[in-house]
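Below is one structure, written out as structure tokens; the observations come after it.
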4 protein chains.
Amino acid sequence: MQAPLRIGLLGFGYWGPNLARNFALLDSCRLTTVCDVDVRRHGVVKRLFPGCTVTSVTADLLNSPELDAVIVATPVSTHFELAKAILLAGKHVLIEKPMVTSESQMLVLSEMAAARNLVLMGDYTFLYTAPVHKIKALLDQEDLGALRYFDSVRINLGIFQSDTNVLWDLASHDVAILCFLLDEMPLSVNATGGGGAISNTEALAYLTLNYSSGFLAHIACSWASPVKIRRMLLGGDKKMVLYDDMEPTEKIKIYDTFLSVSSELEKHKLLIDYRLGDISIPKLHVSEALGGVAADFVAACQNGKQPLANATLALRVTRILEAAQRSLDTGGNRVLMSEGV
Amino acid sequence: MQAPLRIGLLGFGYWGPNLARNFALLDSCRLTTVCDVDVRRHGVVKRLFPGCTVTSVTADLLNSPELDAVIVATPVSTHFELAKAILLAGKHVLIEKPMVTSESQMLVLSEMAAARNLVLMGDYTFLYTAPVHKIKALLDQEDLGALRYFDSVRINLGIFQSDTNVLWDLASHDVAILCFLLDEMPLSVNATGGGGAISNTEALAYLTLNYSSGFLAHIACSWASPVKIRRMLLGGDKKMVLYDDMEPTEKIKIYDTFLSVSSELEKHKLLIDYRLGDISIPKLHVSEALGGVAADFVAACQNGKQPLANATLALRVTRILEAAQRSLDTGGNRVLMSEGV
Amino acid sequence: MQAPLRIGLLGFGYWGPNLARNFALLDSCRLTTVCDVDVRRHGVVKRLFPGCTVTSVTADLLNSPELDAVIVATPVSTHFELAKAILLAGKHVLIEKPMVTSESQMLVLSEMAAARNLVLMGDYTFLYTAPVHKIKALLDQEDLGALRYFDSVRINLGIFQSDTNVLWDLASHDVAILCFLLDEMPLSVNATGGGGAISNTEALAYLTLNYSSGFLAHIACSWASPVKIRRMLLGGDKKMVLYDDMEPTEKIKIYDTFLSVSSELEKHKLLIDYRLGDISIPKLHVSEALGGVAADFVAACQNGKQPLANATLALRVTRILEAAQRSLDTGGNRVLMSEGV
Amino acid sequence: MQAPLRIGLLGFGYWGPNLARNFALLDSCRLTTVCDVDVRRHGVVKRLFPGCTVTSVTADLLNSPELDAVIVATPVSTHFELAKAILLAGKHVLIEKPMVTSESQMLVLSEMAAARNLVLMGDYTFLYTAPVHKIKALLDQEDLGALRYFDSVRINLGIFQSDTNVLWDLASHDVAILCFLLDEMPLSVNATGGGGAISNTEALAYLTLNYSSGFLAHIACSWASPVKIRRMLLGGDKKMVLYDDMEPTEKIKIYDTFLSVSSELEKHKLLIDYRLGDISIPKLHVSEALGGVAADFVAACQNGKQPLANATLALRVTRILEAAQRSLDTGGNRVLMSEGV
């Protein structure tokens, strides 16, 4: 058996404690150091993780020879410089999403990691959930037929952040899921959004992705909704899937429903027919997704296998988000993915 | 008491029977003639409306001196010519939505109706529902505060039509509601969509409307969803409203929830605070909306008062849909409402 | 083709109009006469059914040689005498549920009908719904395994009636469904309930039925609930079914869930194991149940085939309800079905 | 500040770990010893609670002078003897529900605790939830008017236990809530139920409680349902409350709905009128109920104040459950609460 991976955590704000707890549950690693610039948070760390060193000096963590890997859970704007320093220090790195703010940053990190044979992974939590794996299996078995559309709504009353917007914060989940499910990249993207007359950054955003096959994806995200909705539809020409993450157990519904070319012609109606059939709800073995993130990261560091949320996927996600941002910045105009990327 | 308004109906396909039934329930009018080119439908008309004349010749209806008003429930592409002929024949006209296919057509009809002192009304059914009236009342009482956003999802497995797309078919409801609720027109619109790799017309479409105040509206519509969703959010800076039309009785939820400028400053967080408060569900007196459409049309014809779904509102709705279509046709690019309108 | 069955309707209050509308839609019968003692209702009848004779004199209807069958939709306390008179007049009879108030009354009617070769049928509407037929098919195919329990909740804010209680009004639906699904009669019943401190008749009631196999059925019904619930569970040792009649389309859910004798023994736990598996939601062809009631009655009158809701079933339902009433009257004590029946 | 209360835990099976975690989170106590006869569970205890002594010998815990209080989370049949020994050892005791198996046992414990000035408390978790406190507040403010009925459904697929039945396991929650909300005890109870043809103990049970005021309570509980339902209705003559514990945030709905004596008299209808009004959903501050149990127990041990789930309430709950059991054992017959208690 291998020696446990020694892990440091940068940032113990909103998400850091969840990461820490999940890594602490693994036998294959040790959470040895936590760094947060806010000393008021140090007490909680000491209480929850008695054996852990706590510091407010980032360099302590970067320079420690005792650490094999570092998790970055600080604000987005700091990710790139921190990740560079971690890789330069010869340590594996896991970065909270959104990982960086541009494709060029991700390219730099990706090349640094590859050159040093280090793991560079993103915390794309949804890639580690039972529903997303079920959908992936349905696609692999060609149960859905040719894909028609993807439609995701991800809205709730969220924390308005100043160094990112809702697109990078929430739509990044859906973009990562799309990149995980499909090999294909979109031809073009459009994004619209706004601050809802209250914030300078986008608190609501809408992203459309067009693929060469005619497949159409749309993502609606918001920090300003009084109801929490996490609902995703994936339509194929044989079956359709509804993934409702707010359902406690019945998260996936498979509709034996399809659209097909009709044999009957009627004036003013298209030759498209449809069928509403049975529905099935597969039993899923629900577990905390972050546990899967932690296990995959540790395994990748220890045995060199690429994690699901690897650098290649991270590059694809970032390319799409950057193109979407460019569309947002130009009033929603279409941005071709081939432009400059 | 006035003599009952004598009404003819053009088209007894999908929506025509609903219109006929609702007009037949009114004391203030008589459904005297029904015209459908498909003679197979004549039997049903005779059975359901024994006293009614049935024909397959449109001219019979247009030329009848016995008719005061005509309802147009034929395919969209025929609406404009039929409505022109009806107005020329000196009869009031009610047109199923989408009323026409361009703003210029609507302008022609609008001027013809005004010149002849005839009623020109659209069947924007949702303007006659208790939930929309409740929302209007909340706005009139300034209960919601300054409006931030509108977000509507209107999807189901629908009939793919060949002479219109899902934007004109379904988003027209939301655009009509927006025009009814707000005096302001949007500055610009963006629309994306596609046929889901199956049809030439858009079966899924997404429409963003930007207003000068920063108010943002988004409408998602689809004919290709295995689940039926009719959900609308209207966010104000004092309260927010959820209108879920699939709920049998609890259609409107008012959230005492708001976003506000925070007094506390924290790095990387915006100065935006929020509060999730109580929710109230007002008792609504639900009745069939089409009954309200019928009553408003008949009253307008008889006493000259403008109906809610009047020509001015219809013009605004059509302007927005035409701009949206232009955006769709140019890959989702922003279309300013001042351009050419 | 046979001559249409000529039908008269007694009672045009709450349920009568629904019966009238459904019979009027059939080609195989004619609604020729409607009788209601309240002359204020005559106008509506004339308007909705122009060809129909309207009267307030019951004898007109009973004595009419023009009628083949009569529907009884008057208050419960009048059913028995009316049905007797109808059968004596040589006409078939359909009686709204609850049909009568005692088993002895039902025996009288049943024997009269049999002697005269007339149809005696109850308006047990749920026997004509797609969900109940689906459950029956699952039982016939032995998909559920040995039956363990039945659990129904049927509550809403209802009209407090003075000549019956909630048990006869609402639980009669569930008892009829049980009698339709199962050949077996219960060994004993217990019923509790009360007026909720407001009415003399029971506005809430709870009925337990014990069967010799160990199968247990429970029915909860209420006129005093602010929410409407129509939810039925049928548990077998192979699968379980949930029938939620408030769901617009997904009324039946089949759970691949079972309880079984465990091979593993643990102290203080029974040797019972369970499995939560997949769920399937069959597509049902939903139509108005009352249409099925009407068609079955007319067909039975015309061709002599027994209807689903026949006199034998009605006798079983009434026996159970009468035993339940006896239990209610004695403080919920167990009443053996063999006692006096 | 007081010295932390030193706590021992007996039983680390299903519920014990939850109790342990919640006590461990409190500053005011220390979880110092855990005892479980199953040594396979000792590893988990050591891992989760590093500072804690672990033993499989109950006497170690009972005799330890280092302990001030003991929590009993062992199988029901062992509770009474263990609690007696704990009280004899001069320690406070918290007992998982169902606390004991008869009123006489509870009387013995209650008198022992009182004589020694020790805390005897039951883990009636629901008494520490925000929804139950909200309902209590509504009653205290007389918002609901005179109470008419209580109706609870508490069903799911549960562990079949051999030393208790579903009535003592699940209905005990509702009985405790009733005893907390109301000062009045029922006049009589009826209980029916069965094993669903699979177990010797009751896996499904139905309990009716009759009060002198006409107030009627009914509790349905099951270990054999494929769906989990936790739904409680409390009807007053001014308002009604729905408590749905499966709702993530909107657990309480208050219906401005009432039943009243009607001024209008119609034949065959009672003089009872009703109104369906607005609904309000109060914002509740949801936290883990077991944290409240832990805090209340520690506070009671330290300052002598009676906890909510005190011995008096526990006696009332046990009296009702024992009467219900007697009814179950006699075929559901009515058991007067005055009989022998």
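For the structure tokens, the naming scheme is as follows: chains receive sequential letters (A, B, ...) according to their order of presentation, residues are indexed from 1 within each chain, and ligands are indexed from 1 in presentation order.
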Per-residue nearest contacts of chain D to chain A (10 Å; only C-alpha atoms) as a tab-separated table:
```
residue	atom	partner	partner_atom	distance
D:Leu25	CA	A:Leu48	CA	9.8
D:Arg47	CA	A:Leu25	CA	9.7
D:Leu48	CA	A:Leu25	CA	9.7
D:Pro50	CA	A:Pro50	CA	9.6
D:Met246	CA	A:Pro248	CA	9.1
D:Glu247	CA	A:Pro248	CA	9.9
D:Pro248	CA	A:Met246	CA	9.1
```
Write the residues of the selection above to a file with all heavy atoms, as a short mmCIF file (atom, residue, chain, number, x, y, z; two decimals), in the first residue's frame.
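The new file out_15.cif reads:
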```
data_model
loop_
_atom_site.label_atom_id
_atom_site.label_comp_id
_atom_site.auth_asym_id
_atom_site.auth_seq_id
_atom_site.Cartn_x
_atom_site.Cartn_y
_atom_site.Cartn_z
N LEU D 25 -20.85 18.29 19.17
CA LEU D 25 -20.79 19.67 18.66
C LEU D 25 -21.01 20.71 19.75
O LEU D 25 -20.79 21.90 19.52
CB LEU D 25 -21.84 19.87 17.55
CG LEU D 25 -21.52 19.24 16.20
CD1 LEU D 25 -22.73 19.28 15.27
CD2 LEU D 25 -20.33 19.95 15.54
N ARG D 47 -12.42 6.45 15.33
CA ARG D 47 -12.05 7.32 14.23
C ARG D 47 -12.78 8.67 14.31
O ARG D 47 -12.19 9.72 14.14
CB ARG D 47 -12.44 6.61 12.94
CG ARG D 47 -12.09 7.42 11.74
CD ARG D 47 -12.21 6.54 10.54
NE ARG D 47 -11.65 7.24 9.42
CZ ARG D 47 -11.35 6.64 8.31
NH1 ARG D 47 -11.53 5.33 8.21
NH2 ARG D 47 -10.87 7.33 7.31
N LEU D 48 -14.11 8.60 14.54
CA LEU D 48 -14.90 9.83 14.55
C LEU D 48 -14.71 10.64 15.83
O LEU D 48 -14.79 11.86 15.82
CB LEU D 48 -16.39 9.49 14.37
CG LEU D 48 -16.81 8.97 12.99
CD1 LEU D 48 -18.24 8.46 13.01
CD2 LEU D 48 -16.67 10.09 11.95
N PRO D 50 -11.92 10.74 18.45
CA PRO D 50 -10.61 10.26 18.88
C PRO D 50 -10.42 10.28 20.41
O PRO D 50 -9.78 9.40 20.96
CB PRO D 50 -9.64 11.21 18.20
CG PRO D 50 -10.40 11.87 17.10
CD PRO D 50 -11.82 11.86 17.50
N MET D 246 -41.39 16.50 4.23
CA MET D 246 -40.57 16.14 3.08
C MET D 246 -40.22 17.35 2.22
O MET D 246 -39.36 17.29 1.36
CB MET D 246 -41.26 15.08 2.22
CG MET D 246 -41.57 13.79 2.95
SD MET D 246 -40.12 13.10 3.81
CE MET D 246 -39.09 12.66 2.41
N GLU D 247 -40.92 18.45 2.40
CA GLU D 247 -40.59 19.68 1.69
C GLU D 247 -39.26 20.22 2.22
O GLU D 247 -39.10 20.35 3.44
CB GLU D 247 -41.67 20.74 1.96
CG GLU D 247 -42.92 20.57 1.16
CD GLU D 247 -42.72 20.97 -0.29
OE1 GLU D 247 -41.94 21.91 -0.56
OE2 GLU D 247 -43.33 20.32 -1.16
N PRO D 248 -38.34 20.55 1.35
CA PRO D 248 -37.04 21.01 1.87
C PRO D 248 -37.12 22.33 2.64
O PRO D 248 -36.50 22.47 3.68
CB PRO D 248 -36.18 21.16 0.61
CG PRO D 248 -37.12 21.13 -0.55
CD PRO D 248 -38.36 20.43 -0.11
#
```
**Q.** Spatial neighbours of B:Thr257, max dist 7 Å, only C-alpha atoms, sep filter under 3 positions, as a PyMOL selection string
**A.** (chain A and resi 226) or (chain B and resi 238-240+275-277)
May I have the selected residues written with N, CA, C and O atoms, as a PDB file, in the first residue's frame?
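Okay, selection_34.pdb is ready:
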```
ATOM      1  N   PRO A 226     -36.017  33.375  -6.278  1.00  0.00           N
ATOM      2  CA  PRO A 226     -36.469  32.974  -4.935  1.00  0.00           C
ATOM      3  C   PRO A 226     -36.669  31.465  -4.816  1.00  0.00           C
ATOM      4  O   PRO A 226     -36.779  30.953  -3.710  1.00  0.00           O
TER       5      PRO A 226
ATOM      6  N   LYS B 238     -38.340  44.501  -4.042  1.00  0.00           N
ATOM      7  CA  LYS B 238     -39.026  44.318  -2.764  1.00  0.00           C
ATOM      8  C   LYS B 238     -39.602  42.899  -2.622  1.00  0.00           C
ATOM      9  O   LYS B 238     -39.450  42.264  -1.587  1.00  0.00           O
ATOM     10  N   LYS B 239     -40.232  42.432  -3.666  1.00  0.00           N
ATOM     11  CA  LYS B 239     -40.793  41.079  -3.638  1.00  0.00           C
ATOM     12  C   LYS B 239     -40.600  40.409  -5.002  1.00  0.00           C
ATOM     13  O   LYS B 239     -40.298  41.074  -5.984  1.00  0.00           O
ATOM     14  N   MET B 240     -40.797  39.108  -5.033  1.00  0.00           N
ATOM     15  CA  MET B 240     -40.708  38.361  -6.273  1.00  0.00           C
ATOM     16  C   MET B 240     -41.942  37.473  -6.395  1.00  0.00           C
ATOM     17  O   MET B 240     -42.491  37.021  -5.392  1.00  0.00           O
ATOM     18  N   ARG B 275     -32.506  38.465   1.259  1.00  0.00           N
ATOM     19  CA  ARG B 275     -33.325  37.967   2.348  1.00  0.00           C
ATOM     20  C   ARG B 275     -34.360  37.014   1.777  1.00  0.00           C
ATOM     21  O   ARG B 275     -35.037  37.325   0.799  1.00  0.00           O
ATOM     22  N   LEU B 276     -34.480  35.853   2.343  1.00  0.00           N
ATOM     23  CA  LEU B 276     -35.551  34.917   1.996  1.00  0.00           C
ATOM     24  C   LEU B 276     -36.587  35.015   3.097  1.00  0.00           C
ATOM     25  O   LEU B 276     -36.291  34.705   4.245  1.00  0.00           O
ATOM     26  N   GLY B 277     -37.786  35.464   2.761  1.00  0.00           N
ATOM     27  CA  GLY B 277     -38.781  35.677   3.807  1.00  0.00           C
ATOM     28  C   GLY B 277     -39.981  34.764   3.660  1.00  0.00           C
ATOM     29  O   GLY B 277     -39.885  33.674   3.104  1.00  0.00           O
TER      30      GLY B 277
END
```
(Q) Applying 8 Å and only C-alpha atoms, which residues near stretch 140-157 of chain D remain after dropping the ones on its own chain fewer than 2 positions away? List them as a ChimeraX atom specification. (A) /C:196-198,274 /D:136-138,159,170-171,174,214-240
Q.
Taking only C-alpha atoms into account, name the residue in D:Phe80, D:Ile252, D:Arg21, D:His173 that is nearest to D:Glu103.
A.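 Between D:Phe80, D:Ile252, D:Arg21, D:His173, the residue approaching D:Glu103 most closely is D:Phe80.
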**Q.** Those of stretch 24-61 of chain D in DSSP strand (DSSP E), formatted as a list in words
**A.**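 Listing strand (DSSP E) positions across stretch 24-61 of chain D yields Cys29, Arg30, Leu31, Thr32, Thr33, Val34, Cys35, Thr53, Val54 and Thr55 of chain D.
The shell of residues at most 7 Å from C:Met99, with only C-alpha atoms counted and near chain neighbours (fewer than 5 positions) removed, consists of Val76, His79 and Gly122 of chain C.
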Q | Selection near A:Asn303, 12 Å with only C-alpha atoms, sequence-local residues under 3 positions removed, as a ChimeraX atom specification | A | /A:1-3,5,28,117-119,295-300,306-307
Taking C-alpha atoms for each residue, export the selection above as a CSV table (one decimal), in the first residue's frame.
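Resulting contents of out_11.csv:
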```csv
chain,number,residue,atom,x,y,z
A,1,MET,CA,0.0,0.0,0.0
A,2,GLN,CA,1.1,3.5,-0.9
A,3,ALA,CA,2.0,6.2,1.6
A,5,LEU,CA,-0.9,11.6,-0.2
A,28,SER,CA,-5.4,7.3,1.0
A,117,ASN,CA,4.1,15.2,-14.8
A,118,LEU,CA,1.8,16.7,-12.2
A,119,VAL,CA,-2.0,16.3,-11.9
A,295,ALA,CA,-10.9,10.0,-4.4
A,296,ASP,CA,-10.3,10.7,-8.1
A,297,PHE,CA,-7.8,13.4,-7.4
A,298,VAL,CA,-5.9,11.3,-4.9
A,299,ALA,CA,-5.9,8.3,-7.2
A,300,ALA,CA,-4.6,10.4,-10.1
A,306,GLN,CA,-6.0,11.0,-15.7
A,307,PRO,CA,-8.9,12.1,-13.5
```
Q. Just asking: which residues within stretch 97-312 of chain A are alpha helix (DSSP H) according to DSSP, as a VMD selection string?
A. chain A and resid 103 to 116 130 to 140 166 172 to 181 289 to 303 311 to 312
Q: Find the spatial neighbours of C:Ser64, counting only C-alpha atoms, within a cut-off of 10 Å - ignore same-chain residues fewer than 5 positions away - and output them as a PyMOL selection string.
A: chain C and resi 8+33+59+89
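Among C:Met185, C:Ala24, C:Leu19, C:Val54, the residue with the shortest atom-to-atom distance to C:Arg41, counting only C-alpha atoms, is C:Val54.
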Q.
I'd like to know which of C:Ser280, C:Thr129, C:Ala83, C:Leu187 is closest to C:Ser213, using only C-alpha atoms.
A.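 Among C:Ser280, C:Thr129, C:Ala83, C:Leu187, it is C:Leu187 that comes nearest to C:Ser213.
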(Q) Would you pick out the contacts of B:Asp278 at 7 Å or less, using only C-alpha atoms, so that residues sharing its chain but fewer than 3 positions from it are not included, and give the list as an MDAnalysis selection string? (A) (chainID B and resid 255:256) or (chainID D and resid 281:283)
(Q) To one decimal place in Å, what is the distance between atom CA of A:Val293 and atom CA of A:Leu120? (A) 12.7 Å
Q: Give the answer as one residue: which of B:Ala324, B:Leu9, B:Leu139, B:Ala115 has the shortest atom-to-atom distance to B:Ala205, using only C-alpha atoms?
A: B:Ala324
(Q) Just to confirm, what's the straight-line distance from atom CA of B:Pro98 to atom CA of B:Leu67 in Å (one decimal)? (A)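 Going from atom CA of B:Pro98 over to atom CA of B:Leu67, I get 23.9 Å.
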